[in-house]
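Notes follow the structure.
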Amino acid sequence: MLSIKNLHAYYGQSHILQGIDLEVPAGAVVSLLGRNGAGRSTALKAIIGEVQAQGSVRLDDAEMIGLPQHRVARAGIAYVPESRDVFPELTVRKNLSLGMKRGPGGESKWKLEEMFQRFPRLAERAEVNAGSLSGGEQQMLTICRSLLGNPRVMLVDEPTEGLAPKVVAQVAELLSDIAAAGVGILLVEQKLTIAMRLSRTVHVMGRGQIVYSGSPEALTAQPEIFRQWLAV
Ligand SMILES: Nc1ncnc2c1ncn2[C@@H]1O[C@H](COP(=O)(O)OP(=O)(O)O)[C@@H](O)[C@H]1O
Ligand SMILES: [Mg+2]
């Protein structure tokens with residue numbers, strides 16, 4: 001559904017993304033792994049048009065490269081950046097309602113009340129300011145807000161960073177639920193165990209290129225890839 005071919009991006013003179021190819025099918029989690037600085041966040045930003053890019057990013061048959069960011073979002077690609085960007089002075093409910101929009105076909109698959117049912121913690125805190133939530137709750141809120149935009153694909157950058165293990169498990173479960181509902185997820189994740197458990201396909205990035213692609217099971221049989229590109 002999301003098909004990326006020969007994606008390049010630059011920061012000034014630095015050639016950061018050097019020809020990325022990958023696909024994110026509907027209902028699948030696909031992970032981008034790699035060390036810090038490998039270019040994973042840049043890849044997500046290039047896909048949504050935050051960083052200028054060359055190559056092809058197709059959502060079904062529509063080309064996204066060259067479109068302004070809001071058009072990419074409207075086409076159905078949601079981006080959840082590393083920084084949990086909630087509006088701290090607004091209530092949880094208001095934060096969520098700001099994310100609501102109909103899908104490309106006019107449908108509205110995800111609803112506010114459903115978010116509250118799935119995440120009683122958000123319901124309990126519906127009327128408090130988002131700034132008072134814990135890091136994990138803010139991450140859930142950010143993901144749920146994106147979901148209310150009825151995306152076809154979500155790009156999620158290191159959602160479990162800095163979270164307590166119990167909350168990490170909840171975020172992982174949320175992502176798994178979202179994929180099960182048919183949304184494609186391109187996940188950048190530092191925690192290999194989470195990425196390996198959720199993903200249909202993993203891509204390992206090194207220095208702006210994909211150096212390995214395969215199933216999580218196949219990657220575990222490649223100690224050399226781990227040693228060269230993933231071990232810290
Ligand atoms: N805004 C920027 N300006 C210049 N260089 C950047 C910028 N953002 C990232 N980089 C550089 O691009 C490379 C890839 O960074 P990034 O995509 O953030 O990697 P990752 O997310 O895998 O840690 C790094 O060398 C980083 O220093
Ligand atoms: Mg990053």
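If you're wondering about the labels, chains in the structure tokens are A, B, ... by order shown, residues count from 1 in each chain, ligands from 1 in order shown.
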Open item on the list: At a cut-off of 9 Å around ligand 2, and using only C-alpha atoms and all ligand atoms, what residues come up? Please write them as a PyMOL selection string.
Closed with: chain A and resi 35-42+82+157-158+188-189
TODO: Pull the alpha helix (DSSP H) assignments for range 39-170 of chain A out of DSSP run on the backbone, and list those residues as a PyMOL selection string.
DONE: chain A and resi 40-48+69-75+92-99+112-118+120-124+135-147+165-170
Task: For Val29 in chain A: contacts at 6 Å, only C-alpha atoms, fewer than 5 positions along chain excluded, given as a count of residues only - done: 3
Open item on the list: Just the number, please: distance in Å from CA of Arg93 in chain A to CA of Ala123 in chain A, one decimal.
Closed with: 8.3 Å
Task: Nearest candidate to Leu230 in chain A (options A:Met154, A:Ala179, A:Leu33, A:Val86; using only C-alpha atoms) - done: A:Leu33
Task: Surrounding residues of Tyr79 in chain A excluding itself and chain neighbours under 3 positions, 9 Å, only C-alpha atoms, as a list in words - done: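 Here the answer would be Leu44, Lys45, Ile48, Ala73, Ser146, Val153, Met154, Leu155, Val156 and Asp157 of chain A.
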TODO: Give the answer as one residue: which of A:Gly149, A:Pro88, A:Gly34, A:Gly55 has the shortest atom-to-atom distance to ligand 1, using only C-alpha atoms and all ligand atoms?
DONE: A:Gly34
TODO: Mind giving me the straight-line distance from CA of Ile16 in chain A to atom 24 (C, counted along the ligand's line) of ligand 1 in Å, one decimal?
DONE: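 Those two atoms sit 7.0 Å apart.
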